[in-house]
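A.B. asks: The structure follows.
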Amino acid sequence: MKSEMPEVERSQQLMEEAEQTLRAIQYGTVDAFVVEEPEGHRVYTLEGSDLPYSALVEKMQQGAAMLDARGCIVYCNLSLAQLLGVERETIIGRYLLDFVASEDRPAYERLLHGNPNVSNEGEIRLQLSDGSLIATNFSFSL
Amino acid sequence: MKKSEKNKDATPLSLQEIRERNEPGENEVWQLRLYVAGQTPRSVAAFANLKRICEDHLAGRYNIEVVDLVKHPQLAAGDQILAIPTLVRKLPQPLRKIVGDLRDTERALVGLQIRPAAMGE
């Protein structure tokens, strides 16, 4: 709208919008922002639309972990921590290999370093801290 | 003020009459555009609140257009959207903006300049 709005009215309106925006941020009634970048507009969300996904991973029964290239655990969900019988906080930063039964370590390495473009699956036994073994099905993907 | 021509020989308008005159006609269709960012919690809440407000106060004479700025960020430029969700009243004129998820119905009604239905009767 190309308005013929007088200057004063126009700046009043801008002021009102700015105040509204500040209030909305303060009370948390907005959760995303449009940022103008050289490449164009971009939207940043505070609590992303990926929230359902992270909730899913957190709550699911299967154990899930994210490893870095060396097999070091950078994320692990609650189920996996419970399965291993270890506090989640102490798992992060450890090698998943440490929890694999020694006889199954070669198989584990093969899965870990297999073709990154396909999902690598196999049976691997985990060794718990009390020495007992549990059979699990591993699935790796990049 | 051209609007007052009809009343030039009448008594001054009451506050109620002035309010009615400044309000859009009963049959005018409201064009509302809601800017959201995918399915963020506040975006979802804004749509639910807007839908409820419209059904309660503008039943049968409103149009809601939802613009997802995650899919089409360039559309933020037109109405100069900064924070999301933001509601823009395109019609009736003049254009008005309400920033936030419309959780406060009273404030939303004032922002949209909708008179609560009960008060008018």
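Residue numbering restarts at 1 in every chain; chains get A, B, ... in the order shown in the structure tokens, and ligands count up from 1 in that same order.
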Once you count only C-alpha atoms, which residues of chain B turn out to be within 7 Å of chain A? Could you give them as a list in words?

C.D. replies: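 Listed by rising number, the hits are Ala37, Gly38, Gln39, Thr40, Arg42, Leu69, Val70, Pro73, Gln74, Ile81, Leu82, Ala83, Ile84, Pro85, Val99, Gly100 and Asp101 of chain B.
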
A.B. asks: Since we have the selection now, will you write its residues out, keeping C-alpha atoms, as a PDB file, in the first residue's frame?

C.D. replies:
```pdb
ATOM      1  CA  ALA B  37       7.093 -20.368  10.670  1.00  0.00           C
ATOM      2  CA  GLY B  38       6.174 -23.953   9.865  1.00  0.00           C
ATOM      3  CA  GLN B  39       4.682 -25.698  12.873  1.00  0.00           C
ATOM      4  CA  THR B  40       6.440 -23.903  15.726  1.00  0.00           C
ATOM      5  CA  ARG B  42       3.533 -20.285  18.764  1.00  0.00           C
ATOM      6  CA  LEU B  69       7.734 -18.031   5.921  1.00  0.00           C
ATOM      7  CA  VAL B  70       9.923 -21.108   6.334  1.00  0.00           C
ATOM      8  CA  PRO B  73      10.871 -16.360   3.417  1.00  0.00           C
ATOM      9  CA  GLN B  74      10.880 -13.736   0.681  1.00  0.00           C
ATOM     10  CA  ILE B  81       7.349  -9.064   9.012  1.00  0.00           C
ATOM     11  CA  LEU B  82      10.005  -9.281  11.698  1.00  0.00           C
ATOM     12  CA  ALA B  83       8.678 -11.588  14.420  1.00  0.00           C
ATOM     13  CA  ILE B  84       6.540 -14.678  13.852  1.00  0.00           C
ATOM     14  CA  PRO B  85       3.652 -15.287  14.232  1.00  0.00           C
ATOM     15  CA  VAL B  99       2.503  -9.465  16.618  1.00  0.00           C
ATOM     16  CA  GLY B 100       2.305 -12.646  18.695  1.00  0.00           C
ATOM     17  CA  ASP B 101       0.195 -15.754  19.116  1.00  0.00           C
TER      18      ASP B 101
END
```

A.B. asks: Neighbours of region 108-124 of chain A within 7 Å (only C-alpha atoms; same-chain residues fewer than 5 positions away dropped), as number ranges by chain?

C.D. replies: A: 135-142

A.B. asks: Could you jot down the CA of Ala48 (chain B) to CA of Gln31 (chain B) separation for me, Å, one decimal place?

C.D. replies: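 It comes out at 16.8 Å.
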
A.B. asks: So which residues touch Gln127 (chain A) within 9 Å, counting only C-alpha atoms, skipping near sequence neighbours fewer than 5 positions away, as a PDB file with N, CA and C atoms, in the first residue's frame?

C.D. replies:
```
ATOM      1  N   LEU A  84      22.338 -49.804  28.653  1.00  0.00           N
ATOM      2  CA  LEU A  84      23.728 -49.998  29.061  1.00  0.00           C
ATOM      3  C   LEU A  84      23.889 -49.915  30.574  1.00  0.00           C
ATOM      4  N   ASP A  98      33.727 -49.453  23.501  1.00  0.00           N
ATOM      5  CA  ASP A  98      33.982 -49.884  24.879  1.00  0.00           C
ATOM      6  C   ASP A  98      32.842 -50.721  25.451  1.00  0.00           C
ATOM      7  N   PHE A  99      31.644 -50.549  24.894  1.00  0.00           N
ATOM      8  CA  PHE A  99      30.490 -51.282  25.407  1.00  0.00           C
ATOM      9  C   PHE A  99      30.229 -52.559  24.619  1.00  0.00           C
ATOM     10  N   VAL A 100      31.030 -52.801  23.576  1.00  0.00           N
ATOM     11  CA  VAL A 100      30.808 -53.969  22.717  1.00  0.00           C
ATOM     12  C   VAL A 100      31.618 -55.146  23.266  1.00  0.00           C
ATOM     13  N   ALA A 101      30.993 -56.318  23.301  1.00  0.00           N
ATOM     14  CA  ALA A 101      31.676 -57.531  23.763  1.00  0.00           C
ATOM     15  C   ALA A 101      32.915 -57.757  22.891  1.00  0.00           C
ATOM     16  N   SER A 102      34.026 -58.154  23.517  1.00  0.00           N
ATOM     17  CA  SER A 102      35.301 -58.195  22.787  1.00  0.00           C
ATOM     18  C   SER A 102      35.241 -59.060  21.533  1.00  0.00           C
ATOM     19  N   SER A 132      27.714 -58.981  32.174  1.00  0.00           N
ATOM     20  CA  SER A 132      26.738 -59.752  31.400  1.00  0.00           C
ATOM     21  C   SER A 132      26.649 -59.245  29.963  1.00  0.00           C
ATOM     22  N   LEU A 133      26.258 -60.147  29.088  1.00  0.00           N
ATOM     23  CA  LEU A 133      26.155 -59.792  27.667  1.00  0.00           C
ATOM     24  C   LEU A 133      24.689 -59.724  27.256  1.00  0.00           C
ATOM     25  N   ILE A 134      24.367 -58.777  26.403  1.00  0.00           N
ATOM     26  CA  ILE A 134      23.027 -58.782  25.819  1.00  0.00           C
ATOM     27  C   ILE A 134      23.140 -58.659  24.306  1.00  0.00           C
TER      28      ILE A 134
END
```

A.B. asks: DSSP on the backbone: which residues in region 70-105 of chain B end up as strand (DSSP E)? Give the answer as an MDAnalysis selection string.

C.D. replies: chainID B and resid 83:84 86:91 96:99

A.B. asks: Would you put the residues from that selection into a file with N, CA and C atoms, as a JSON list (two decimals), in the first residue's frame?

C.D. replies:
```
[["chain", "number", "residue", "atom", "x", "y", "z"],
["B", 83, "ALA", "N", 8.85, -10.50, 13.46],
["B", 83, "ALA", "CA", 8.68, -11.59, 14.42],
["B", 83, "ALA", "C", 7.50, -12.45, 13.98],
["B", 84, "ILE", "N", 7.56, -13.72, 14.30],
["B", 84, "ILE", "CA", 6.54, -14.68, 13.85],
["B", 84, "ILE", "C", 6.00, -15.44, 15.07],
["B", 86, "THR", "N", 2.83, -13.31, 13.12],
["B", 86, "THR", "CA", 2.25, -11.97, 13.03],
["B", 86, "THR", "C", 1.00, -12.05, 12.16],
["B", 87, "LEU", "N", -0.04, -11.38, 12.65],
["B", 87, "LEU", "CA", -1.30, -11.34, 11.91],
["B", 87, "LEU", "C", -1.43, -9.98, 11.23],
["B", 88, "VAL", "N", -1.84, -9.99, 9.97],
["B", 88, "VAL", "CA", -2.06, -8.72, 9.26],
["B", 88, "VAL", "C", -3.52, -8.67, 8.83],
["B", 89, "ARG", "N", -4.18, -7.57, 9.21],
["B", 89, "ARG", "CA", -5.55, -7.35, 8.74],
["B", 89, "ARG", "C", -5.45, -6.57, 7.45],
["B", 90, "LYS", "N", -5.72, -7.25, 6.31],
["B", 90, "LYS", "CA", -5.64, -6.59, 5.00],
["B", 90, "LYS", "C", -6.91, -5.79, 4.74],
["B", 91, "LEU", "N", -8.02, -6.38, 5.07],
["B", 91, "LEU", "CA", -9.33, -5.72, 4.93],
["B", 91, "LEU", "C", -10.12, -5.99, 6.19],
["B", 96, "ARG", "N", -3.77, -3.38, 9.58],
["B", 96, "ARG", "CA", -3.30, -3.43, 10.97],
["B", 96, "ARG", "C", -2.50, -4.70, 11.20],
["B", 97, "LYS", "N", -1.53, -4.59, 12.10],
["B", 97, "LYS", "CA", -0.66, -5.74, 12.39],
["B", 97, "LYS", "C", -0.77, -6.10, 13.85],
["B", 98, "ILE", "N", -0.80, -7.40, 14.12],
["B", 98, "ILE", "CA", -0.73, -7.85, 15.52],
["B", 98, "ILE", "C", 0.39, -8.88, 15.62],
["B", 99, "VAL", "N", 1.37, -8.58, 16.46],
["B", 99, "VAL", "CA", 2.50, -9.46, 16.62],
["B", 99, "VAL", "C", 2.23, -10.39, 17.79]]
```

A.B. asks: To one decimal in Å, tell me the separation between CA of Met15 (chain A) and CA of Lys71 (chain B).

C.D. replies: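 Distance reported for this atom pair: 28.9 Å.
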
A.B. asks: Between CA of Arg103 (chain B) and CA of His57 (chain B), what is the distance in Å, rounded to a tenth?

C.D. replies: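 Spanning CA of Arg103 (chain B) to CA of His57 (chain B) is a straight-line distance of 15.7 Å.
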
A.B. asks: Can you pull out the residues contacting region 75-79 of chain A? Cut-off 12 Å, using only C-alpha atoms, and skip same-chain residues under 5 positions away; I want them as an NGL selection string.

C.D. replies: :A and (54-68 or 84-96)

A.B. asks: Save out the residues we just selected, N, CA and C atoms, as an mmCIF file, in the first residue's frame.

C.D. replies:
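So the final result, stored in selection.cif, reads:
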```
data_model
loop_
_atom_site.group_PDB
_atom_site.id
_atom_site.type_symbol
_atom_site.label_atom_id
_atom_site.label_comp_id
_atom_site.auth_asym_id
_atom_site.auth_seq_id
_atom_site.Cartn_x
_atom_site.Cartn_y
_atom_site.Cartn_z
ATOM 1 N N SER A 54 12.911 -34.489 17.916
ATOM 2 C CA SER A 54 13.766 -34.745 19.065
ATOM 3 C C SER A 54 12.973 -35.436 20.174
ATOM 4 N N ALA A 55 11.692 -35.088 20.310
ATOM 5 C CA ALA A 55 10.854 -35.753 21.307
ATOM 6 C C ALA A 55 10.736 -37.240 20.979
ATOM 7 N N LEU A 56 10.581 -37.511 19.688
ATOM 8 C CA LEU A 56 10.448 -38.897 19.218
ATOM 9 C C LEU A 56 11.687 -39.707 19.576
ATOM 10 N N VAL A 57 12.852 -39.148 19.290
ATOM 11 C CA VAL A 57 14.110 -39.852 19.542
ATOM 12 C C VAL A 57 14.318 -40.042 21.042
ATOM 13 N N GLU A 58 13.969 -39.012 21.803
ATOM 14 C CA GLU A 58 14.148 -39.083 23.257
ATOM 15 C C GLU A 58 13.272 -40.168 23.885
ATOM 16 N N LYS A 59 12.034 -40.261 23.392
ATOM 17 C CA LYS A 59 11.060 -41.127 24.047
ATOM 18 C C LYS A 59 10.994 -42.535 23.481
ATOM 19 N N MET A 60 11.617 -42.778 22.338
ATOM 20 C CA MET A 60 11.412 -44.094 21.727
ATOM 21 C C MET A 60 12.104 -45.206 22.505
ATOM 22 N N GLN A 61 11.583 -46.419 22.337
ATOM 23 C CA GLN A 61 12.076 -47.569 23.093
ATOM 24 C C GLN A 61 13.469 -48.005 22.633
ATOM 25 N N GLN A 62 13.745 -47.856 21.344
ATOM 26 C CA GLN A 62 15.045 -48.269 20.826
ATOM 27 C C GLN A 62 16.136 -47.321 21.309
ATOM 28 N N GLY A 63 17.296 -47.908 21.527
ATOM 29 C CA GLY A 63 18.430 -47.070 21.885
ATOM 30 C C GLY A 63 18.958 -46.375 20.644
ATOM 31 N N ALA A 64 19.284 -45.109 20.769
ATOM 32 C CA ALA A 64 19.814 -44.370 19.629
ATOM 33 C C ALA A 64 21.009 -43.545 20.072
ATOM 34 N N ALA A 65 22.016 -43.506 19.238
ATOM 35 C CA ALA A 65 23.200 -42.712 19.558
ATOM 36 C C ALA A 65 23.738 -42.064 18.301
ATOM 37 N N MET A 66 24.427 -40.965 18.489
ATOM 38 C CA MET A 66 25.082 -40.295 17.384
ATOM 39 C C MET A 66 26.590 -40.373 17.672
ATOM 40 N N LEU A 67 27.322 -40.861 16.671
ATOM 41 C CA LEU A 67 28.768 -41.016 16.858
ATOM 42 C C LEU A 67 29.505 -40.066 15.943
ATOM 43 N N ASP A 68 30.697 -39.673 16.359
ATOM 44 C CA ASP A 68 31.511 -38.900 15.420
ATOM 45 C C ASP A 68 32.303 -39.892 14.564
ATOM 46 N N LEU A 84 22.338 -49.804 28.653
ATOM 47 C CA LEU A 84 23.728 -49.998 29.061
ATOM 48 C C LEU A 84 23.889 -49.915 30.574
ATOM 49 N N GLY A 85 22.858 -49.428 31.234
ATOM 50 C CA GLY A 85 22.896 -49.315 32.688
ATOM 51 C C GLY A 85 23.884 -48.269 33.175
ATOM 52 N N VAL A 86 24.023 -47.195 32.382
ATOM 53 C CA VAL A 86 24.973 -46.150 32.734
ATOM 54 C C VAL A 86 24.254 -44.799 32.721
ATOM 55 N N GLU A 87 24.696 -43.881 33.558
ATOM 56 C CA GLU A 87 24.157 -42.521 33.532
ATOM 57 C C GLU A 87 24.455 -41.904 32.173
ATOM 58 N N ARG A 88 23.466 -41.232 31.631
ATOM 59 C CA ARG A 88 23.652 -40.676 30.291
ATOM 60 C C ARG A 88 24.824 -39.693 30.242
ATOM 61 N N GLU A 89 24.958 -38.910 31.288
ATOM 62 C CA GLU A 89 25.999 -37.876 31.312
ATOM 63 C C GLU A 89 27.396 -38.472 31.199
ATOM 64 N N THR A 90 27.548 -39.716 31.667
ATOM 65 C CA THR A 90 28.883 -40.312 31.646
ATOM 66 C C THR A 90 29.181 -41.043 30.335
ATOM 67 N N ILE A 91 28.139 -41.207 29.517
ATOM 68 C CA ILE A 91 28.345 -41.927 28.246
ATOM 69 C C ILE A 91 28.925 -41.004 27.180
ATOM 70 N N ILE A 92 28.418 -39.781 27.162
ATOM 71 C CA ILE A 92 28.854 -38.831 26.132
ATOM 72 C C ILE A 92 30.374 -38.685 26.194
ATOM 73 N N GLY A 93 31.012 -38.827 25.043
ATOM 74 C CA GLY A 93 32.462 -38.683 24.993
ATOM 75 C C GLY A 93 33.192 -40.024 25.044
ATOM 76 N N ARG A 94 32.458 -41.088 25.375
ATOM 77 C CA ARG A 94 33.110 -42.407 25.382
ATOM 78 C C ARG A 94 32.941 -43.080 24.034
ATOM 79 N N TYR A 95 33.753 -44.104 23.794
ATOM 80 C CA TYR A 95 33.632 -44.835 22.541
ATOM 81 C C TYR A 95 32.584 -45.923 22.687
ATOM 82 N N LEU A 96 31.746 -46.041 21.703
ATOM 83 C CA LEU A 96 30.717 -47.072 21.744
ATOM 84 C C LEU A 96 31.379 -48.449 21.797
#
```

A.B. asks: Quick one: residues within 10 Å of Cys54 (chain B), only C-alpha atoms counted, chain neighbours fewer than 3 positions away excluded, as a list in words?

C.D. replies: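 Those residues are Trp30, Leu32, Asn49, Leu50, Lys51, His57, Leu58, Ala59, Gly60, Arg61, Tyr62, Asn63, Ile64, Leu109 and Ile114 of chain B.
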
A.B. asks: Can you list, as a list in words, every residue of region 29-91 of chain B that DSSP puts in alpha helix (DSSP H)?

C.D. replies: Pro41, Arg42, Ser43, Val44, Ala45, Ala46, Phe47, Ala48, Asn49, Leu50, Lys51, Arg52, Ile53, Cys54, Glu55, Asp56 and His57 of chain B

A.B. asks: Produce a file of the selected residues containing C-alpha atoms, as an mmCIF file, in the first residue's frame.

C.D. replies:
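The result, stored in result.cif:
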```cif
data_model
loop_
_atom_site.group_PDB
_atom_site.id
_atom_site.type_symbol
_atom_site.label_atom_id
_atom_site.label_comp_id
_atom_site.auth_asym_id
_atom_site.auth_seq_id
_atom_site.Cartn_x
_atom_site.Cartn_y
_atom_site.Cartn_z
ATOM 1 C CA PRO B 41 4.390 -24.007 18.948
ATOM 2 C CA ARG B 42 3.533 -20.285 18.764
ATOM 3 C CA SER B 43 2.593 -20.533 15.078
ATOM 4 C CA VAL B 44 0.216 -23.390 15.799
ATOM 5 C CA ALA B 45 -1.228 -21.542 18.798
ATOM 6 C CA ALA B 46 -1.729 -18.371 16.756
ATOM 7 C CA PHE B 47 -3.757 -20.195 14.137
ATOM 8 C CA ALA B 48 -5.916 -21.928 16.742
ATOM 9 C CA ASN B 49 -6.538 -18.645 18.582
ATOM 10 C CA LEU B 50 -7.274 -16.749 15.384
ATOM 11 C CA LYS B 51 -9.705 -19.398 14.192
ATOM 12 C CA ARG B 52 -11.549 -19.268 17.503
ATOM 13 C CA ILE B 53 -11.718 -15.466 17.559
ATOM 14 C CA CYS B 54 -12.994 -15.368 13.975
ATOM 15 C CA GLU B 55 -15.633 -18.027 14.598
ATOM 16 C CA ASP B 56 -16.812 -16.186 17.712
ATOM 17 C CA HIS B 57 -16.918 -12.693 16.249
#
```
